[in-house]
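> File name entry-v4.txt; file contents compact mmCIF, C-alpha atoms and all ligand atoms; full text below.
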# COMPACT_ATOMS: atom_id res chain seq x y z
CA MET A 1 -17.01 -31.54 34.37
CA ARG A 2 -13.88 -32.77 32.60
CA TYR A 3 -12.10 -30.62 30.00
CA ASN A 4 -9.19 -31.16 27.65
CA LEU A 5 -5.93 -29.46 28.57
CA PRO A 6 -5.14 -26.64 28.79
CA VAL A 7 -7.98 -25.42 31.01
CA LEU A 8 -8.54 -22.06 32.66
CA VAL A 9 -11.27 -21.29 35.21
CA VAL A 10 -11.80 -17.78 36.59
CA HIS A 11 -14.13 -16.08 39.07
CA GLY A 12 -15.17 -12.54 39.82
CA GLY A 13 -16.32 -13.15 43.36
CA ALA A 14 -19.19 -14.69 45.27
CA GLY A 15 -21.73 -12.34 46.79
CA SER A 16 -25.08 -10.63 46.50
CA TRP A 17 -24.91 -10.18 42.74
CA GLN A 18 -27.60 -7.99 41.14
CA ILE A 19 -29.26 -9.14 37.94
CA ALA A 20 -28.53 -5.73 36.42
CA ASP A 21 -24.79 -6.28 36.83
CA GLN A 22 -24.81 -9.66 35.20
CA ASP A 23 -24.03 -8.64 31.63
CA LYS A 24 -21.06 -6.46 32.45
CA ALA A 25 -19.60 -9.10 34.74
CA LYS A 26 -20.06 -11.85 32.17
CA LEU A 27 -18.46 -9.78 29.46
CA THR A 28 -15.43 -9.07 31.62
CA ILE A 29 -15.10 -12.71 32.71
CA SER A 30 -15.37 -13.78 29.10
CA GLU A 31 -12.59 -11.43 28.01
CA ALA A 32 -10.42 -12.47 30.99
CA LEU A 33 -10.81 -16.10 29.87
CA GLU A 34 -9.69 -15.21 26.34
CA ARG A 35 -6.71 -13.16 27.53
CA GLY A 36 -5.62 -15.83 29.96
CA TYR A 37 -6.11 -18.64 27.50
CA TYR A 38 -3.98 -16.90 24.91
CA GLU A 39 -1.08 -17.09 27.36
CA PHE A 40 -1.10 -20.89 27.18
CA ARG A 41 0.22 -20.59 23.63
CA LYS A 42 3.44 -18.95 24.68
CA GLY A 43 3.56 -19.60 28.37
CA SER A 44 2.38 -21.85 31.13
CA ALA A 45 -0.47 -21.96 33.62
CA ILE A 46 1.33 -19.22 35.58
CA GLU A 47 0.96 -16.72 32.75
CA ALA A 48 -2.63 -17.80 32.10
CA VAL A 49 -3.62 -17.19 35.72
CA VAL A 50 -1.75 -13.90 36.03
CA GLU A 51 -3.03 -12.49 32.74
CA ALA A 52 -6.65 -13.40 33.47
CA ILE A 53 -6.48 -11.88 36.95
CA TYR A 54 -4.61 -8.82 35.72
CA TYR A 55 -7.29 -8.18 33.13
CA MET A 56 -9.99 -8.33 35.81
CA GLU A 57 -7.95 -6.06 38.12
CA GLU A 58 -7.59 -3.48 35.36
CA SER A 59 -11.26 -3.68 34.32
CA GLY A 60 -12.49 -1.85 37.42
CA VAL A 61 -15.55 -4.08 37.34
CA PHE A 62 -14.59 -6.20 40.34
CA ASP A 63 -13.32 -5.56 43.84
CA ALA A 64 -9.68 -5.93 42.85
CA GLY A 65 -7.08 -3.70 41.20
CA LYS A 66 -8.70 -0.54 39.88
CA GLY A 67 -12.10 -1.52 41.21
CA SER A 68 -10.86 -2.07 44.76
CA VAL A 69 -13.10 -0.87 47.56
CA ARG A 70 -11.79 1.66 50.07
CA ASN A 71 -11.03 1.04 53.71
CA SER A 72 -12.50 3.08 56.58
CA ALA A 73 -9.78 5.70 56.11
CA GLY A 74 -10.71 6.14 52.45
CA TYR A 75 -7.83 4.46 50.65
CA ILE A 76 -7.34 1.07 49.03
CA GLU A 77 -5.25 -1.81 50.33
CA MET A 78 -5.06 -4.79 48.01
CA ASP A 79 -4.12 -8.39 48.79
CA ALA A 80 -3.19 -11.16 46.37
CA GLY A 81 -1.51 -14.53 46.21
CA ILE A 82 -0.38 -17.09 43.66
CA MET A 83 0.84 -20.68 44.00
CA VAL A 84 2.39 -23.16 41.57
CA GLY A 85 1.32 -26.75 42.20
CA ASN A 86 4.32 -28.75 40.97
CA THR A 87 6.91 -26.76 42.88
CA LEU A 88 4.74 -25.50 45.76
CA GLN A 89 6.21 -22.03 45.14
CA VAL A 90 4.06 -19.28 46.65
CA GLY A 91 3.97 -15.50 46.58
CA GLY A 92 1.57 -13.35 48.56
CA ILE A 93 1.28 -9.56 48.93
CA MET A 94 -0.78 -7.70 51.52
CA GLY A 95 -1.86 -4.09 51.85
CA LEU A 96 -0.60 -2.96 48.44
CA ARG A 97 -1.77 0.59 47.76
CA GLU A 98 -1.16 0.83 44.04
CA GLY A 99 -0.24 -1.22 41.01
CA SER A 100 -1.19 -4.81 40.28
CA ALA A 101 -1.41 -7.01 43.35
CA ILE A 102 -1.24 -10.24 41.34
CA LYS A 103 1.91 -9.09 39.54
CA LYS A 104 3.53 -8.20 42.85
CA ALA A 105 2.57 -11.60 44.22
CA LEU A 106 4.19 -13.22 41.18
CA GLU A 107 7.33 -11.17 41.72
CA ILE A 108 7.53 -12.50 45.28
CA LEU A 109 6.99 -16.05 44.04
CA PHE A 110 9.80 -15.74 41.48
CA GLN A 111 12.16 -14.13 43.99
CA ASN A 112 11.74 -17.37 45.88
CA ARG A 113 13.05 -15.88 49.09
CA HIS A 114 9.90 -15.20 51.13
CA VAL A 115 6.29 -16.29 50.83
CA LEU A 116 4.40 -13.25 52.18
CA MET A 117 5.28 -9.58 52.00
CA ILE A 118 3.46 -6.47 53.16
CA GLY A 119 2.83 -3.78 50.59
CA SER A 120 4.88 -0.89 51.95
CA ASN A 121 8.14 -2.03 50.31
CA TYR A 122 6.46 -2.00 46.94
CA ASN A 123 4.80 1.41 47.05
CA SER A 124 6.51 4.00 44.91
CA SER A 125 6.88 7.49 46.34
CA ASN A 126 5.04 9.33 43.58
CA SER A 127 1.74 7.62 44.24
CA ASN A 128 -1.05 8.56 41.90
CA ASN A 129 -4.45 7.22 42.72
CA SER A 130 -6.30 9.03 39.96
CA ALA A 131 -6.85 5.83 38.00
CA ILE A 132 -8.47 4.15 40.98
CA TYR A 133 -12.21 4.02 41.08
CA GLU A 134 -14.49 1.81 43.05
CA SER A 135 -16.12 -1.22 41.52
CA LYS A 136 -19.38 -0.15 39.93
CA VAL A 137 -21.07 -3.52 39.98
CA SER A 138 -21.72 -5.95 42.81
CA GLY A 139 -18.49 -7.71 41.87
CA ASP A 140 -16.02 -9.08 44.29
CA THR A 141 -12.60 -10.59 44.60
CA VAL A 142 -11.16 -12.18 41.45
CA GLY A 143 -9.33 -15.47 41.04
CA ALA A 144 -8.16 -18.04 38.53
CA VAL A 145 -7.00 -21.64 38.38
CA ALA A 146 -5.27 -23.20 35.39
CA LEU A 147 -3.87 -26.50 34.17
CA ASP A 148 -1.39 -26.35 31.31
CA GLN A 149 -0.27 -28.97 28.79
CA HIS A 150 2.61 -29.98 31.03
CA GLY A 151 0.14 -30.89 33.77
CA ASN A 152 1.08 -27.94 35.95
CA LEU A 153 -1.67 -26.52 38.18
CA VAL A 154 -1.62 -22.88 39.31
CA ALA A 155 -4.02 -20.90 41.53
CA GLY A 156 -4.24 -17.16 42.16
CA THR A 157 -6.52 -14.65 43.87
CA SER A 158 -6.58 -10.84 44.05
CA THR A 159 -8.81 -8.50 46.05
CA GLY A 160 -9.45 -5.04 47.42
CA GLY A 161 -10.83 -6.76 50.52
CA ILE A 162 -13.97 -5.75 52.34
CA LYS A 163 -15.47 -2.26 52.09
CA GLY A 164 -14.84 -0.10 55.15
CA LYS A 165 -12.27 -2.51 56.60
CA LEU A 166 -9.83 -1.09 59.11
CA PRO A 167 -6.53 0.08 57.63
CA GLY A 168 -4.10 -2.81 57.86
CA ARG A 169 -6.77 -5.50 57.79
CA VAL A 170 -5.70 -8.56 55.80
CA GLY A 171 -8.20 -11.13 54.53
CA ASP A 172 -7.83 -14.66 53.21
CA SER A 173 -6.82 -13.77 49.66
CA PRO A 174 -3.01 -13.59 50.09
CA ILE A 175 -2.88 -16.58 52.47
CA PRO A 176 -2.11 -20.00 50.95
CA GLY A 177 -4.61 -22.63 52.01
CA ALA A 178 -7.25 -19.94 52.56
CA GLY A 179 -7.70 -17.69 49.51
CA TYR A 180 -5.94 -20.08 47.11
CA TYR A 181 -3.92 -23.26 47.05
CA ALA A 182 -2.21 -25.43 44.44
CA THR A 183 -0.48 -28.81 44.54
CA SER A 184 0.23 -31.41 41.88
CA ASN A 185 -3.37 -32.62 42.46
CA VAL A 186 -5.53 -29.49 42.63
CA ALA A 187 -5.72 -25.73 42.19
CA VAL A 188 -8.33 -23.76 44.15
CA SER A 189 -9.31 -20.09 44.49
CA SER A 190 -11.71 -18.88 47.20
CA THR A 191 -13.80 -15.75 47.64
CA GLY A 192 -16.08 -14.55 50.40
CA ILE A 193 -15.69 -13.20 53.92
CA GLY A 194 -12.02 -13.40 54.82
CA GLU A 195 -12.69 -13.53 58.56
CA ILE A 196 -14.61 -16.77 58.02
CA ILE A 197 -12.41 -18.29 55.33
CA LEU A 198 -9.30 -17.84 57.48
CA ARG A 199 -10.87 -19.99 60.19
CA ILE A 200 -11.57 -22.94 57.87
CA LEU A 201 -8.71 -22.84 55.32
CA PRO A 202 -11.05 -24.22 52.66
CA ALA A 203 -8.53 -24.30 49.79
CA LYS A 204 -6.26 -26.56 51.82
CA GLU A 205 -9.24 -28.70 52.83
CA VAL A 206 -10.11 -29.28 49.19
CA ASP A 207 -6.56 -30.48 48.53
CA ILE A 208 -6.77 -32.90 51.48
CA LEU A 209 -10.13 -34.28 50.37
CA VAL A 210 -8.96 -34.77 46.78
CA SER A 211 -5.81 -36.55 47.95
CA LEU A 212 -8.10 -38.86 49.97
CA GLY A 213 -9.98 -39.77 46.81
CA PHE A 214 -12.85 -37.24 46.64
CA THR A 215 -13.60 -35.79 43.22
CA ILE A 216 -12.94 -32.04 42.93
CA ASP A 217 -16.68 -31.54 42.64
CA ASP A 218 -17.46 -33.44 45.86
CA ALA A 219 -14.56 -31.83 47.68
CA LEU A 220 -15.69 -28.28 46.84
CA ARG A 221 -19.30 -29.08 47.73
CA ALA A 222 -18.29 -30.70 51.04
CA VAL A 223 -16.15 -27.73 52.06
CA VAL A 224 -18.73 -25.10 51.09
CA ASN A 225 -21.39 -27.11 52.97
CA LYS A 226 -19.15 -27.30 56.02
CA VAL A 227 -18.72 -23.52 56.01
CA THR A 228 -22.50 -23.09 55.64
CA LYS A 229 -23.19 -25.47 58.53
CA THR A 230 -20.72 -23.68 60.77
CA PHE A 231 -21.29 -20.04 59.84
CA GLY A 232 -24.51 -19.93 57.85
CA LYS A 233 -24.96 -18.83 54.23
CA ASP A 234 -23.65 -15.93 52.15
CA ASN A 235 -19.97 -16.11 52.99
CA ILE A 236 -18.04 -18.29 50.52
CA GLY A 237 -17.51 -19.35 46.91
CA MET A 238 -14.77 -21.50 45.38
CA ILE A 239 -13.49 -22.65 42.01
CA GLY A 240 -11.30 -25.73 41.60
CA LEU A 241 -9.47 -27.78 39.01
CA ASP A 242 -7.78 -31.17 39.33
CA LYS A 243 -4.84 -32.68 37.47
CA TYR A 244 -7.12 -34.43 34.96
CA GLY A 245 -8.88 -31.25 33.89
CA ASN A 246 -12.00 -31.70 36.02
CA ALA A 247 -13.34 -28.26 36.94
CA SER A 248 -16.01 -27.22 39.40
CA ALA A 249 -17.41 -24.26 41.33
CA TYR A 250 -19.56 -23.97 44.46
CA TYR A 251 -20.88 -21.04 46.46
CA ASN A 252 -23.40 -20.37 49.21
CA THR A 253 -24.15 -16.80 48.10
CA LYS A 254 -26.73 -15.43 45.71
CA GLY A 255 -24.31 -15.70 42.81
CA MET A 256 -20.72 -16.03 41.75
CA ALA A 257 -19.31 -14.67 38.51
CA ARG A 258 -17.32 -17.50 36.96
CA GLY A 259 -16.28 -19.10 33.72
CA VAL A 260 -14.21 -21.80 32.06
CA ILE A 261 -12.34 -22.11 28.78
CA SER A 262 -10.53 -25.17 27.42
CA SER A 263 -9.04 -26.70 24.31
CA ASP A 264 -12.37 -28.42 23.55
CA GLY A 265 -13.42 -25.00 22.31
CA VAL A 266 -15.69 -24.75 25.31
CA LYS A 267 -16.29 -21.38 26.91
CA LYS A 268 -18.93 -21.02 29.61
CA VAL A 269 -19.68 -17.99 31.75
CA TYR A 270 -22.27 -17.67 34.54
CA VAL A 271 -23.20 -15.44 37.43
CA PHE A 272 -26.16 -17.45 38.72
CA GLU A 273 -27.23 -21.01 37.76
CA GLY A 274 -24.90 -23.09 35.58
CA ASP A 275 -22.33 -25.86 35.77
CA ILE A 276 -18.79 -25.22 34.73
N1 LIG B 301 -12.17 -12.76 50.55
C1 LIG B 301 -11.95 -11.35 50.39
C2 LIG B 301 -11.51 -10.74 51.68
O1 LIG B 301 -12.06 -11.07 52.71
C3 LIG B 301 -13.16 -10.62 49.92
C4 LIG B 301 -13.97 -11.28 48.86
O2 LIG B 301 -13.73 -12.39 48.45
O3 LIG B 301 -14.90 -10.63 48.42
O4 LIG B 301 -10.66 -9.90 51.66
Please re-express this file's structure in structure tokens.


Amino acid sequence: MRYNLPVLVVHGGAGSWQIADQDKAKLTISEALERGYYEFRKGSAIEAVVEAIYYMEESGVFDAGKGSVRNSAGYIEMDAGIMVGNTLQVGGIMGLREGSAIKKALEILFQNRHVLMIGSNYNSSNSNNSAIYESKVSGDTVGAVALDQHGNLVAGTSTGGIKGKLPGRVGDSPIPGAGYYATSNVAVSSTGIGEIILRILPAKEVDILVSLGFTIDDALRAVVNKVTKTFGKDNIGMIGLDKYGNASAYYNTKGMARGVISSDGVKKVYVFEGDI
């Protein structure tokens, strides 16, 4: 569906969502949309994406930030990435043990020296995990894509990864082309099983399909279908936005928490059925 600029689309992960968790997830997505959208007034799509993701990280409702799941050794390791379409600037952080992964990723993007960093350099010595608690709903990775009034597209994703993962395991979320991707044509954020997503690079595939003339809707559907054909169901969900303000979401899981807000005054939030 096409929306007037600026547009912000967010997700709270694709997975086996429980009906009982729906309300809490929708409320948090809705607030993340508002917080992110507010940033368009003073900032750009970068701020909108970061603020929306940061709100979801802090909420503890999703598997990101304070809601991050623990690895097999009992501690959290977060991954995140962000990309700016017009400049192709990227920042990705892996294995961060405290703080905001999306903010660290943004720091790396602005430093403009490297694309990917591991978390150890960013951990402070007086670590305090008391604020960390595991996600209480069936929520998952969080992500956002935005298009601002200047036509700039930005994509970001943040996650605690997969429960019980080995220490040091890195998923798709900090990897451009896998967990997120942005160009001057599209912005995409993925969620699902990193070990599968990393083999397909679905966010990059969507960009290729759109540059070949596919609509964002067809591109997302084609890529999700391809993953389903190759690996079966229950492993991926994606949100996407093109340079005209067309937004879409597809997933092959039971549900995906997601929502959109735009200058048309539209705000839609779903976990199960519904077109954004
Ligand atoms: N894609 C994330 C990972 O594999 C997890 C998720 O999206 O739920 O780390």

> Please extract the residues at most 9 Å from ligand LIG 301 (chain B), counting all atoms listed in the file, and provide them as a tab-separated table (two decimals) with C-alpha atoms, in the frame of the given file, using the chain letters and residue numbers of this document.


chain	number	residue	atom	x	y	z
A	12	GLY	CA	-15.17	-12.54	39.82
A	13	GLY	CA	-16.32	-13.15	43.36
A	14	ALA	CA	-19.19	-14.69	45.27
A	15	GLY	CA	-21.73	-12.34	46.79
A	63	ASP	CA	-13.32	-5.56	43.84
A	64	ALA	CA	-9.68	-5.93	42.85
A	78	MET	CA	-5.06	-4.79	48.01
A	79	ASP	CA	-4.12	-8.39	48.79
A	139	GLY	CA	-18.49	-7.71	41.87
A	140	ASP	CA	-16.02	-9.08	44.29
A	141	THR	CA	-12.60	-10.59	44.60
A	142	VAL	CA	-11.16	-12.18	41.45
A	157	THR	CA	-6.52	-14.65	43.87
A	158	SER	CA	-6.58	-10.84	44.05
A	159	THR	CA	-8.81	-8.50	46.05
A	160	GLY	CA	-9.45	-5.04	47.42
A	161	GLY	CA	-10.83	-6.76	50.52
A	162	ILE	CA	-13.97	-5.75	52.34
A	163	LYS	CA	-15.47	-2.26	52.09
A	169	ARG	CA	-6.77	-5.50	57.79
A	170	VAL	CA	-5.70	-8.56	55.80
A	171	GLY	CA	-8.20	-11.13	54.53
A	172	ASP	CA	-7.83	-14.66	53.21
A	173	SER	CA	-6.82	-13.77	49.66
A	174	PRO	CA	-3.01	-13.59	50.09
A	178	ALA	CA	-7.25	-19.94	52.56
A	179	GLY	CA	-7.70	-17.69	49.51
A	190	SER	CA	-11.71	-18.88	47.20
A	191	THR	CA	-13.80	-15.75	47.64
A	192	GLY	CA	-16.08	-14.55	50.40
A	193	ILE	CA	-15.69	-13.20	53.92
A	194	GLY	CA	-12.02	-13.40	54.82
A	195	GLU	CA	-12.69	-13.53	58.56
A	196	ILE	CA	-14.61	-16.77	58.02
A	197	ILE	CA	-12.41	-18.29	55.33
A	198	LEU	CA	-9.30	-17.84	57.48
A	235	ASN	CA	-19.97	-16.11	52.99
A	236	ILE	CA	-18.04	-18.29	50.52
A	237	GLY	CA	-17.51	-19.35	46.91

> For atom CA of A:Gln149 and atom CA of A:Thr183, determine how far apart the two atoms are, in Å to one decimal place.

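About the pair atom CA of A:Gln149 and atom CA of A:Thr183: they are 15.8 Å apart.
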
> Got a sec: who's within 8 Å of A:Glu57, counting all atoms listed in the file, leaving out chain neighbours fewer than 2 positions off, as a tab-separated table (two decimals) with C-alpha atoms, keeping the file's coordinate frame?


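Full text of part.tsv as output:
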chain	number	residue	atom	x	y	z
A	53	ILE	CA	-6.48	-11.88	36.95
A	54	TYR	CA	-4.61	-8.82	35.72
A	55	TYR	CA	-7.29	-8.18	33.13
A	59	SER	CA	-11.26	-3.68	34.32
A	60	GLY	CA	-12.49	-1.85	37.42
A	61	VAL	CA	-15.55	-4.08	37.34
A	62	PHE	CA	-14.59	-6.20	40.34
A	63	ASP	CA	-13.32	-5.56	43.84
A	64	ALA	CA	-9.68	-5.93	42.85
A	65	GLY	CA	-7.08	-3.70	41.20
A	66	LYS	CA	-8.70	-0.54	39.88
A	67	GLY	CA	-12.10	-1.52	41.21
A	100	SER	CA	-1.19	-4.81	40.28
A	142	VAL	CA	-11.16	-12.18	41.45
A	158	SER	CA	-6.58	-10.84	44.05

> When you count all atoms listed in the file, which of these residues is closest to A:Ile200: A:Ser184, A:Ser262, A:Asn252, A:Asn225?

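The answer is A:Asn225, which sits nearest to A:Ile200.
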
> Of the candidates A:Pro202, A:Gly43, A:Gly156, A:Gly92, which shows the shortest atom-to-atom distance to A:Gly177, using all atoms listed in the file?

A:Pro202

> How many Å lie between atom CA of A:Val49 and atom CA of A:Leu201, rounded to one decimal?

21.0 Å

> Given only C-alpha atoms as the basis, pick out the residue of A:Gly81, A:Gly143, A:Gly255, A:Gly240 nearest to A:Leu116.

A:Gly81

> Of the candidates A:Phe110, A:Tyr37, A:Tyr250, A:Phe214, which shows the shortest atom-to-atom distance to A:Val186, using all atoms listed in the file?

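Among A:Phe110, A:Tyr37, A:Tyr250, A:Phe214, it is A:Phe214 that comes nearest to A:Val186.
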
> Write out as a PDB file with C-alpha atoms, in the coordinates of the input the residues lying within 9 Å of A:Lys267, counting all atoms listed in the file and excluding same-chain residues fewer than 6 positions away.


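Result went into out.pdb, see below:
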ATOM      1  CA  SER A  30     -15.370 -13.780  29.100  1.00  0.00           C
ATOM      2  CA  LEU A  33     -10.810 -16.100  29.870  1.00  0.00           C
ATOM      3  CA  GLY A 259     -16.280 -19.100  33.720  1.00  0.00           C
ATOM      4  CA  VAL A 260     -14.210 -21.800  32.060  1.00  0.00           C
ATOM      5  CA  ILE A 261     -12.340 -22.110  28.780  1.00  0.00           C
TER       6      ILE A 261
END

> Tell me which of A:Asn86, A:Trp17, A:Ile276, A:Thr28 sits closest to A:Thr253, counting all atoms listed in the file.

A:Trp17

> List as an MDAnalysis selection string the residues having at least one atom at most 10 Å from position (-0.5, -22.2, 28.1) as given in the file, counting only C-alpha atoms.

chainID A and resid 5:8 36:49 146:150 152

> I'd like to know which of A:Val269, A:Val90, A:Ala222, A:Ile82 is closest to A:Asp23, using all atoms listed in the file.

A:Val269
